[in-house]
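For reference, start-v7.tsv is printed below; it contains TSV, C-alpha atoms.
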```tsv
chain	number	residue	atom	x	y	z
A	1	MET	CA	80.04	-27.16	0.15
A	2	LYS	CA	83.23	-28.66	1.55
A	3	LYS	CA	83.69	-32.41	1.92
A	4	ALA	CA	84.35	-33.39	5.56
A	5	ALA	CA	85.21	-36.63	7.34
A	6	LEU	CA	82.37	-38.32	9.18
A	7	ILE	CA	83.53	-39.12	12.71
A	8	PHE	CA	80.55	-39.76	15.03
A	9	ASP	CA	77.09	-39.37	13.48
A	10	VAL	CA	73.87	-41.37	13.86
A	11	VAL	CA	71.49	-41.95	10.94
A	12	SER	CA	67.87	-43.11	10.99
A	13	PHE	CA	65.86	-44.78	8.21
A	14	PRO	CA	62.13	-44.06	8.76
A	15	ALA	CA	61.13	-45.98	5.60
A	16	VAL	CA	63.44	-48.05	3.38
A	17	GLU	CA	66.64	-49.14	5.17
A	18	ALA	CA	69.85	-49.14	3.15
A	19	PRO	CA	71.96	-52.30	2.91
A	20	GLN	CA	74.79	-52.50	5.45
A	21	ASP	CA	77.50	-52.17	2.79
A	22	THR	CA	76.06	-48.91	1.39
A	23	PRO	CA	78.76	-46.20	1.38
A	24	PHE	CA	77.81	-42.83	2.91
A	25	LYS	CA	79.53	-39.48	2.87
A	26	CYS	CA	79.06	-36.45	5.07
A	27	TYR	CA	79.29	-32.85	3.79
A	28	ALA	CA	79.44	-29.72	5.94
A	29	GLN	CA	79.48	-26.01	5.23
A	30	LYS	CA	82.80	-24.28	5.74
A	31	LYS	CA	82.71	-22.28	8.98
A	32	ARG	CA	84.91	-19.77	10.77
A	33	LYS	CA	87.27	-21.02	13.46
A	34	SER	CA	85.22	-19.61	16.36
A	35	ALA	CA	82.00	-21.19	15.02
A	36	LYS	CA	83.82	-24.50	14.50
A	37	GLU	CA	85.02	-24.57	18.11
A	38	LYS	CA	81.47	-23.85	19.30
A	39	ASP	CA	80.03	-26.68	17.15
A	40	ASP	CA	82.68	-29.10	18.42
A	41	ALA	CA	81.43	-28.46	21.96
A	42	ASN	CA	77.75	-28.83	20.93
A	43	PRO	CA	77.50	-31.11	17.86
A	44	SER	CA	74.47	-30.53	15.63
A	45	SER	CA	73.16	-31.78	12.29
A	46	SER	CA	72.50	-28.17	11.20
A	47	GLY	CA	74.57	-27.29	8.14
A	48	MET	CA	75.53	-30.93	7.50
A	49	ILE	CA	74.12	-33.50	5.08
A	50	VAL	CA	74.66	-37.23	4.81
A	51	VAL	CA	74.44	-38.75	1.32
A	52	GLY	CA	74.59	-42.36	0.14
A	53	GLU	CA	73.41	-44.45	-2.80
A	54	THR	CA	72.93	-47.95	-4.13
A	55	ASP	CA	72.27	-49.08	-7.69
A	56	ASP	CA	68.54	-48.41	-7.28
A	57	MET	CA	68.15	-45.85	-4.47
A	58	GLU	CA	69.52	-42.54	-3.26
A	59	PHE	CA	69.58	-41.62	0.45
A	60	PHE	CA	70.08	-38.08	1.79
A	61	SER	CA	69.44	-36.05	4.95
A	62	ASN	CA	65.99	-34.58	5.57
A	63	GLU	CA	67.14	-31.25	7.00
A	64	GLY	CA	63.65	-30.13	8.08
A	65	GLU	CA	63.03	-33.27	10.16
A	66	ASN	CA	66.57	-33.07	11.58
A	67	GLN	CA	65.92	-29.59	12.95
A	68	GLU	CA	62.52	-30.59	14.40
A	69	ALA	CA	64.12	-33.57	16.17
A	70	GLU	CA	66.85	-31.36	17.67
A	71	GLN	CA	64.47	-28.59	18.77
A	72	SER	CA	62.01	-31.01	20.38
A	73	GLY	CA	64.65	-32.10	22.91
A	74	CYS	CA	62.80	-35.39	23.41
A	75	SER	CA	65.89	-37.58	23.04
A	76	ARG	CA	69.67	-37.42	22.71
A	77	TYR	CA	71.96	-40.02	21.16
A	78	MET	CA	75.22	-41.09	22.83
A	79	LEU	CA	77.92	-43.47	21.57
A	80	ALA	CA	79.59	-46.02	23.85
A	81	VAL	CA	82.90	-47.92	23.52
A	82	HIS	CA	83.01	-51.56	24.65
A	83	ASN	CA	86.34	-52.78	26.02
A	84	LYS	CA	86.66	-56.51	25.25
A	85	ARG	CA	89.50	-56.99	27.73
A	86	ASP	CA	87.58	-56.08	30.87
A	87	SER	CA	84.01	-56.11	29.40
A	88	SER	CA	83.53	-52.44	30.39
A	89	VAL	CA	81.42	-49.91	28.53
A	90	LYS	CA	82.37	-46.22	28.39
A	91	LEU	CA	80.06	-43.47	27.12
A	92	LEU	CA	81.57	-40.71	25.02
A	93	PRO	CA	81.23	-37.29	26.75
A	94	THR	CA	79.19	-35.54	24.06
A	95	ALA	CA	75.96	-36.32	22.23
A	96	VAL	CA	76.12	-37.07	18.51
A	97	PRO	CA	73.83	-35.45	15.91
A	98	LEU	CA	70.99	-37.45	14.38
A	99	HIS	CA	70.40	-37.49	10.61
A	100	ILE	CA	66.98	-38.65	9.47
A	101	LEU	CA	67.31	-39.91	5.90
A	102	LYS	CA	64.79	-39.89	3.12
A	103	GLN	CA	65.10	-41.81	-0.12
A	104	LYS	CA	64.40	-41.47	-3.82
A	105	VAL	CA	64.09	-44.22	-6.46
A	106	LYS	CA	66.52	-43.53	-9.30
A	107	ALA	CA	64.24	-45.03	-11.94
A	108	LEU	CA	61.49	-42.55	-11.07
A	109	LYS	CA	63.64	-39.41	-11.32
A	110	SER	CA	62.86	-39.02	-15.03
A	111	VAL	CA	59.08	-39.40	-14.52
A	112	PRO	CA	57.39	-35.95	-14.29
A	113	SER	CA	55.37	-35.41	-11.11
A	114	ALA	CA	51.60	-35.30	-11.47
A	115	ALA	CA	50.00	-31.86	-11.43
A	116	GLU	CA	47.95	-30.95	-8.37
A	117	PRO	CA	44.20	-31.36	-8.96
A	118	SER	CA	42.19	-28.19	-9.49
A	119	ALA	CA	39.67	-27.01	-6.92
A	120	LEU	CA	36.84	-28.17	-9.19
A	121	ALA	CA	38.35	-31.64	-9.66
A	122	TYR	CA	38.93	-31.96	-5.92
A	123	PHE	CA	35.34	-30.89	-5.25
A	124	GLU	CA	33.94	-33.41	-7.76
A	125	ALA	CA	36.10	-36.23	-6.38
A	126	ARG	CA	35.05	-35.45	-2.83
A	127	ASN	CA	31.37	-35.48	-3.85
A	128	ALA	CA	31.82	-38.80	-5.64
A	129	LEU	CA	33.28	-40.33	-2.48
A	130	GLY	CA	30.45	-38.84	-0.45
A	131	GLU	CA	27.81	-40.29	-2.78
A	132	SER	CA	29.44	-43.73	-2.59
A	133	PHE	CA	30.40	-44.00	1.07
A	134	GLY	CA	28.80	-41.05	2.87
A	135	THR	CA	25.99	-41.05	5.41
A	136	LYS	CA	22.44	-40.04	4.51
A	137	LYS	CA	23.04	-36.58	5.96
A	138	ALA	CA	26.25	-36.13	3.95
A	139	LYS	CA	24.51	-37.21	0.73
A	140	ALA	CA	21.65	-34.77	1.41
A	141	ASN	CA	24.16	-31.94	1.88
A	142	ILE	CA	25.87	-32.81	-1.42
A	143	ARG	CA	22.56	-32.73	-3.31
A	144	ALA	CA	21.61	-29.42	-1.65
A	145	GLN	CA	24.93	-27.88	-2.76
A	146	GLU	CA	24.35	-29.09	-6.29
A	147	ARG	CA	20.88	-27.50	-6.37
A	148	ASN	CA	22.23	-24.18	-5.07
A	149	LYS	CA	25.16	-24.03	-7.47
A	150	VAL	CA	24.90	-21.12	-9.90
A	151	ASP	CA	25.57	-21.78	-13.57
A	152	VAL	CA	27.84	-18.85	-14.46
A	153	SER	CA	27.76	-19.59	-18.19
A	154	ALA	CA	23.97	-19.10	-18.24
A	155	MET	CA	24.41	-15.55	-16.85
A	156	GLN	CA	26.84	-14.33	-19.51
A	157	GLY	CA	24.08	-12.93	-21.67
A	158	VAL	CA	22.41	-10.91	-18.90
A	159	MET	CA	25.54	-9.69	-17.06
A	160	ASP	CA	25.78	-6.41	-18.99
A	161	HIS	CA	22.06	-5.79	-18.47
A	162	LEU	CA	22.41	-6.35	-14.72
A	163	MET	CA	25.41	-4.00	-14.48
A	164	ASP	CA	23.54	-1.27	-16.35
A	165	GLY	CA	20.57	-1.65	-14.01
A	166	ILE	CA	22.80	-1.39	-10.93
A	167	GLU	CA	24.54	1.74	-12.22
A	168	LYS	CA	21.21	3.34	-13.12
A	169	ASN	CA	19.66	2.65	-9.71
A	170	ALA	CA	22.79	3.85	-7.90
A	171	GLU	CA	22.69	7.30	-9.49
A	172	GLY	CA	20.41	8.72	-6.80
A	173	LEU	CA	22.36	7.27	-3.87
A	174	PRO	CA	24.39	9.76	-1.78
A	175	THR	CA	28.17	9.67	-1.75
A	176	GLN	CA	30.06	8.73	1.40
A	177	GLU	CA	30.72	12.42	2.14
A	178	GLU	CA	27.07	13.34	1.60
A	179	ALA	CA	25.92	10.50	3.87
A	180	LYS	CA	28.32	11.74	6.58
A	181	ASP	CA	26.95	15.29	6.28
A	182	VAL	CA	23.39	14.01	6.63
A	183	ALA	CA	24.32	11.93	9.69
A	184	ASP	CA	26.13	14.88	11.31
A	185	ALA	CA	23.20	17.21	10.64
A	186	SER	CA	20.78	14.80	12.31
A	187	ARG	CA	22.75	14.63	15.57
A	188	LEU	CA	20.80	15.93	18.58
A	189	ILE	CA	23.65	18.19	19.70
A	190	PRO	CA	24.39	21.93	19.36
A	191	PRO	CA	25.88	23.20	16.08
A	192	TYR	CA	29.61	22.45	16.07
A	193	ASN	CA	32.87	23.39	14.36
A	194	ASP	CA	34.80	20.24	13.42
A	195	THR	CA	37.84	22.05	11.99
A	196	THR	CA	38.89	24.23	14.93
A	197	LYS	CA	41.83	23.15	17.09
A	198	ASP	CA	40.56	24.98	20.18
A	199	PRO	CA	37.99	23.10	22.35
A	200	ALA	CA	36.43	26.48	23.29
A	201	ASP	CA	35.37	27.00	19.66
A	202	VAL	CA	33.87	23.55	19.03
A	203	TYR	CA	30.49	24.63	20.44
A	204	ALA	CA	29.80	28.37	20.24
A	205	LEU	CA	28.19	29.75	23.40
A	206	HIS	CA	25.31	31.50	21.64
A	207	ASP	CA	24.49	28.36	19.63
A	208	ILE	CA	23.66	26.80	23.01
A	209	VAL	CA	22.17	29.84	24.77
A	210	PRO	CA	20.88	32.59	22.43
A	211	GLU	CA	22.47	35.97	22.99
A	212	SER	CA	19.16	37.58	24.02
A	213	GLU	CA	18.71	35.00	26.78
A	214	TRP	CA	22.34	35.36	27.86
A	215	LYS	CA	21.98	39.11	28.28
A	216	SER	CA	18.83	38.73	30.38
A	217	ILE	CA	20.79	37.02	33.21
A	218	VAL	CA	21.55	39.61	35.92
A	219	THR	CA	24.65	38.94	38.07
A	220	SER	CA	24.47	41.90	40.50
A	221	PRO	CA	22.37	40.00	43.11
A	222	PHE	CA	25.14	37.40	43.28
A	223	ASP	CA	27.65	40.07	44.32
A	224	GLN	CA	25.28	41.40	46.96
A	225	ALA	CA	24.71	37.96	48.53
A	226	LYS	CA	27.12	37.44	51.41
A	227	SER	CA	26.85	33.78	52.42
A	228	LEU	CA	26.92	30.62	50.31
A	229	LYS	CA	23.32	29.88	51.31
A	230	ASP	CA	22.19	33.29	50.05
A	231	LYS	CA	23.92	32.68	46.73
A	232	GLN	CA	22.40	29.20	46.38
A	233	ALA	CA	18.94	30.75	46.80
A	234	LEU	CA	19.50	32.81	43.61
A	235	PHE	CA	19.78	29.65	41.44
A	236	PRO	CA	16.80	27.59	40.16
A	237	SER	CA	18.40	24.24	41.10
A	238	ARG	CA	19.96	24.98	44.49
A	239	ASN	CA	20.38	21.33	45.59
A	240	SER	CA	22.56	20.36	42.63
A	241	SER	CA	25.99	18.95	43.58
A	242	TRP	CA	27.45	20.27	40.32
A	243	VAL	CA	26.05	23.80	40.91
A	244	ASN	CA	27.15	23.90	44.56
A	245	ARG	CA	30.68	22.78	43.66
A	246	HIS	CA	31.03	25.80	41.38
A	247	LEU	CA	29.42	28.20	43.86
A	248	LYS	CA	31.94	27.14	46.52
A	249	SER	CA	34.81	27.75	44.11
A	250	LEU	CA	33.47	31.28	43.44
A	251	GLN	CA	33.34	32.23	47.13
A	252	GLY	CA	35.31	35.41	47.86
A	253	THR	CA	35.78	36.36	44.18
A	254	SER	CA	34.67	39.54	42.46
A	255	VAL	CA	31.72	39.27	40.08
A	256	LYS	CA	33.58	41.24	37.41
A	257	GLY	CA	36.20	38.54	37.03
A	258	VAL	CA	33.80	35.59	37.00
A	259	LYS	CA	30.70	37.09	35.39
A	260	LYS	CA	30.73	34.61	32.51
A	261	LYS	CA	31.23	31.67	34.88
A	262	ILE	CA	28.25	32.79	37.01
A	263	LYS	CA	26.04	33.00	33.91
A	264	LEU	CA	27.13	29.54	32.75
A	265	VAL	CA	26.32	28.03	36.15
A	266	TYR	CA	22.95	29.83	36.16
A	267	CYS	CA	22.05	28.44	32.71
A	268	VAL	CA	22.99	24.90	33.79
A	269	SER	CA	20.94	25.33	36.98
A	270	ALA	CA	17.93	26.58	34.97
A	271	MET	CA	18.13	23.61	32.57
A	272	LEU	CA	18.39	21.14	35.47
A	273	ALA	CA	15.29	22.67	37.08
A	274	PHE	CA	13.45	22.75	33.72
A	275	ARG	CA	14.17	19.07	33.07
A	276	ARG	CA	12.88	18.15	36.52
A	277	ALA	CA	9.71	20.25	36.01
A	278	ILE	CA	8.82	18.67	32.62
A	279	ASN	CA	9.58	15.10	33.67
A	280	ARG	CA	6.23	13.83	32.38
A	281	ARG	CA	4.71	13.29	28.93
A	282	GLU	CA	1.98	15.95	29.18
A	283	ILE	CA	3.35	19.27	30.45
A	284	ASP	CA	1.36	21.83	32.41
A	285	ARG	CA	3.09	25.06	31.39
A	286	ALA	CA	1.51	27.09	34.18
A	287	LYS	CA	2.92	24.72	36.82
A	288	VAL	CA	6.37	24.82	35.20
A	289	GLU	CA	6.34	28.61	35.21
A	290	GLU	CA	5.31	28.56	38.88
A	291	GLN	CA	8.21	26.23	39.78
A	292	LEU	CA	10.71	28.33	37.81
A	293	LYS	CA	9.27	31.76	38.65
A	294	GLY	CA	12.74	33.24	39.25
A	295	VAL	CA	13.92	32.37	35.71
A	296	PRO	CA	13.60	35.21	33.12
A	297	SER	CA	10.58	34.64	30.86
A	298	ASN	CA	12.57	34.72	27.61
A	299	ILE	CA	14.87	31.95	28.92
A	300	LEU	CA	11.85	29.86	29.89
A	301	ASP	CA	10.24	30.45	26.47
A	302	GLY	CA	13.47	29.47	24.75
A	303	MET	CA	13.73	26.19	26.67
A	304	PHE	CA	10.10	25.33	25.84
A	305	ASN	CA	10.80	26.00	22.14
A	306	ARG	CA	14.07	24.04	22.02
A	307	PHE	CA	13.35	21.05	24.28
A	308	THR	CA	9.63	20.30	23.93
A	309	GLU	CA	7.27	19.53	21.04
A	310	VAL	CA	3.76	20.74	20.23
A	311	SER	CA	1.43	18.39	18.38
A	312	ARG	CA	-0.25	19.61	15.19
A	313	GLY	CA	-3.53	21.35	15.98
A	314	SER	CA	-2.67	21.60	19.69
A	315	THR	CA	-1.04	24.11	22.02
A	316	GLU	CA	0.01	21.57	24.64
A	317	HIS	CA	3.74	21.00	25.05
A	318	ARG	CA	5.05	17.50	25.55
A	319	THR	CA	8.44	15.86	25.97
A	320	THR	CA	9.84	13.00	23.87
A	321	PRO	CA	12.94	10.79	24.10
A	322	ALA	CA	14.55	12.81	21.29
A	323	MET	CA	13.88	16.10	23.12
A	324	GLU	CA	15.24	14.58	26.35
A	325	THR	CA	18.46	13.62	24.54
A	326	LYS	CA	18.74	17.09	23.00
A	327	LEU	CA	18.27	18.79	26.38
A	328	LEU	CA	21.03	16.65	27.94
A	329	ALA	CA	23.37	17.41	25.01
A	330	TYR	CA	22.91	21.18	25.37
A	331	LEU	CA	23.19	20.90	29.16
A	332	PHE	CA	26.46	18.94	28.99
A	333	ALA	CA	27.91	21.31	26.38
A	334	LEU	CA	27.41	24.16	28.89
A	335	CYS	CA	28.92	22.05	31.69
A	336	LEU	CA	32.03	21.48	29.58
A	337	LYS	CA	32.49	25.24	29.13
A	338	ALA	CA	32.11	25.87	32.89
A	339	ASP	CA	34.38	22.91	33.81
A	340	GLY	CA	37.28	23.86	31.54
A	341	TYR	CA	36.31	21.10	29.05
A	342	ALA	CA	36.75	18.26	31.57
A	343	SER	CA	33.50	17.35	33.36
A	344	ASP	CA	32.83	14.79	36.09
A	345	PRO	CA	30.05	12.44	34.86
A	346	SER	CA	29.38	11.08	38.35
A	347	LEU	CA	28.32	14.51	39.68
A	348	LEU	CA	25.85	15.02	36.84
A	349	SER	CA	24.60	11.43	37.15
A	350	ALA	CA	23.62	12.13	40.77
A	351	ASP	CA	21.95	15.45	39.90
A	352	LEU	CA	19.96	13.99	37.00
A	353	GLY	CA	19.08	10.67	38.63
A	354	ILE	CA	20.25	8.63	35.63
A	355	PRO	CA	22.98	5.95	35.35
A	356	VAL	CA	26.52	7.22	34.88
A	357	THR	CA	26.81	4.97	31.79
A	358	ARG	CA	24.10	7.03	30.09
A	359	VAL	CA	25.87	10.26	31.05
A	360	ASN	CA	29.13	8.89	29.61
A	361	GLN	CA	27.38	7.92	26.38
A	362	GLN	CA	25.90	11.42	26.05
A	363	PHE	CA	29.32	13.02	26.54
A	364	LYS	CA	30.76	10.69	23.88
A	365	SER	CA	28.06	11.87	21.47
A	366	LEU	CA	29.49	15.39	21.95
A	367	GLY	CA	32.93	14.14	20.90
A	368	CYS	CA	34.37	13.67	24.41
A	369	THR	CA	36.76	10.95	25.53
A	370	LEU	CA	36.78	9.45	29.03
A	371	LYS	CA	40.12	9.51	30.84
A	372	THR	CA	41.67	10.18	34.24
A	373	LEU	CA	43.39	13.54	34.77
A	374	THR	CA	46.93	14.09	36.00
A	375	ASP	CA	47.57	15.80	39.36
A	376	LYS	CA	48.49	19.01	37.53
A	377	GLU	CA	45.31	18.95	35.41
A	378	ARG	CA	43.08	18.29	38.44
A	379	SER	CA	44.70	21.15	40.38
A	380	LYS	CA	44.27	23.54	37.46
A	381	LEU	CA	40.56	22.68	37.06
A	382	GLY	CA	39.81	22.78	40.81
A	383	TYR	CA	39.13	19.07	41.33
A	384	SER	CA	40.08	17.53	44.69
A	385	ASN	CA	42.38	14.53	45.19
A	386	ASP	CA	39.28	12.42	45.88
A	387	SER	CA	38.63	12.40	42.12
A	388	ALA	CA	42.11	11.05	41.29
A	389	GLY	CA	40.75	7.75	39.93
A	390	THR	CA	37.60	9.21	38.36
A	391	LYS	CA	37.33	9.20	34.58
A	392	MET	CA	36.45	12.66	33.30
A	393	ALA	CA	34.67	13.54	30.05
A	394	VAL	CA	37.31	15.56	28.17
A	395	LEU	CA	36.58	17.53	25.00
A	396	THR	CA	39.48	17.84	22.56
A	397	ALA	CA	39.79	19.51	19.17
A	398	PRO	CA	39.42	18.85	16.31
A	399	VAL	CA	36.31	17.09	17.57
A	400	LYS	CA	35.79	13.45	16.55
A	401	PHE	CA	32.44	11.75	16.94
A	402	PRO	CA	32.01	8.01	17.64
A	403	LYS	CA	31.28	5.86	14.62
A	404	PRO	CA	27.86	4.20	14.54
A	405	PRO	CA	27.99	0.55	15.71
A	406	MET	CA	28.12	-2.08	12.97
A	407	ARG	CA	25.12	-4.40	12.95
A	408	LYS	CA	25.94	-8.09	12.74
A	409	GLY	CA	24.18	-10.03	10.03
A	410	ARG	CA	21.63	-12.61	11.05
A	411	LYS	CA	22.75	-16.16	10.83
```
Could you spell out this file's structure in structure tokens?
Amino acid sequence: MKKAALIFDVVSFPAVEAPQDTPFKCYAQKKRKSAKEKDDANPSSSGMIVVGETDDMEFFSNEGENQEAEQSGCSRYMLAVHNKRDSSVKLLPTAVPLHILKQKVKALKSVPSAAEPSALAYFEARNALGESFGTKKAKANIRAQERNKVDVSAMQGVMDHLMDGIEKNAEGLPTQEEAKDVADASRLIPPYNDTTKDPADVYALHDIVPESEWKSIVTSPFDQAKSLKDKQALFPSRNSSWVNRHLKSLQGTSVKGVKKKIKLVYCVSAMLAFRRAINRREIDRAKVEEQLKGVPSNILDGMFNRFTEVSRGSTEHRTTPAMETKLLAYLFALCLKADGYASDPSLLSADLGIPVTRVNQQFKSLGCTLKTLTDKERSKLGYSNDSAGTKMAVLTAPVKFPKPPMRKGRK
């Protein structure tokens, strides 16, 4: 620190005021020339201290309070010169820095400061005040806390026994990896590959539609049909917006180049019609077969086996919420393959007659994310500009499933 002359400074005594004849000195840090010129234009107490003392007290700048006073901007201090000759008063052009002083008693400097009370001592003192001056409710709370306080020393003898019991009972619990495997295996979705980096390999086609059923779909009638209406008549669910969108995109194309696409659309159409036909708890199989008489019998048998249940000791098929969820999962997995792994939930919501939020949730259970597509992506997948703001269900790889929601504890 370099000693500097005090020219125009203002000091404030918040507590004990020093006698008028107390000598003070000002010290400032040595600064470069450019910084000094800047400070001369805008005086500040930053980097400066004012020190003074009497026989009993020491006074010095409180730098923290000085900075707070400057940054608050609430007030500025100006000095004025009074001319006795003409009784005029002239303000100096610049504000002067304010130094807020704090004091220390010299006789107490040798006395060690008292140690801060421990948390226990603070707690006991607070309770003593509460018992003496607190309200009835406060005193009742204090007594309740005392009753609920655990005596740790009394548990020393049984701590090892408790730890041994915990370790013994925890031996049969699954590890985090085992619990994840169990949760993944219980998902009502098709078998999946969570290590592949290609969305096409996340869900294998024949894990959704068995190969025998896939081969039973005949595509030659589609090639023979001339008009769009004739082609729609070949599909079980001919009024589906999703199915008709794909049929329009296949107009004028050769069956050889789009054979797989036609089979995918047919499977989706068959599952839509099957879901509509079994939309009741007790299922009349004969009526379902009548409604889906154009669907190959092995495909119909497979859907009954995969998406309905038979009670023990009965031959009647019935649907359940779990089977409904499974059917939607398999249906949407096929839609993703036909849509280039970016499906429009709003189209399927209209076809199924369920809220789009439920469709979105089902796509998320398959590992999809909801996002809007770029112009290039929409053009590649055959979506019109009308769907520019629509969020699509996009499947990416490696697939990541949503984490189960955390349950909040009861208060």
Using all atoms listed in the file, pick whichever of A:Arg378, A:His99, A:Lys30, A:Arg275 has the shortest atom-to-atom distance to Val50 in chain A.
->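 Smallest distance to Val50 in chain A is found for A:His99.
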What is the distance, in Å and to one decimal place, between CA of Ala95 in chain A and CA of Lys25 in chain A?
-> 19.9 Å
Hey, what's within 12 Å of Gly294 in chain A if we count all atoms listed in the file and toss same-chain stuff fewer than 2 positions away? As number ranges by chain, please?
-> A: 217-218, 233-237, 266, 269-270, 273-274, 288-292, 296-300
Extract, using all atoms listed in the file, all DNA, RNA and protein residues at most 10 Å from range 353-359 of chain A, discarding same-chain residues fewer than 4 positions from it, and format them as a PyMOL selection string.
-> chain A and resi 276+328-329+332+344-349+363-365+393
Test item: residues at most 9 Å from Asn244 in chain A, only C-alpha atoms, excluding those fewer than 5 positions along its chain, as a list in words = Leu228, Gln232, Arg238, Asn239 and Ser249 of chain A
Centre and edge lengths of an axis-aligned box around all listed atoms of range 338-347 of chain A, with 5 Å added on each side, are to be given in Å to one decimal, as lines of an AutoDock Vina configuration file.
```
center_x = 32.8
center_y = 18.5
center_z = 34.4
size_x = 19.0
size_y = 24.8
size_z = 20.6
```
Closest of A:Thr390, A:Ser379, A:Thr319, A:Ser87 to Ser343 in chain A - atom-to-atom distances counting only C-alpha atoms = A:Thr390
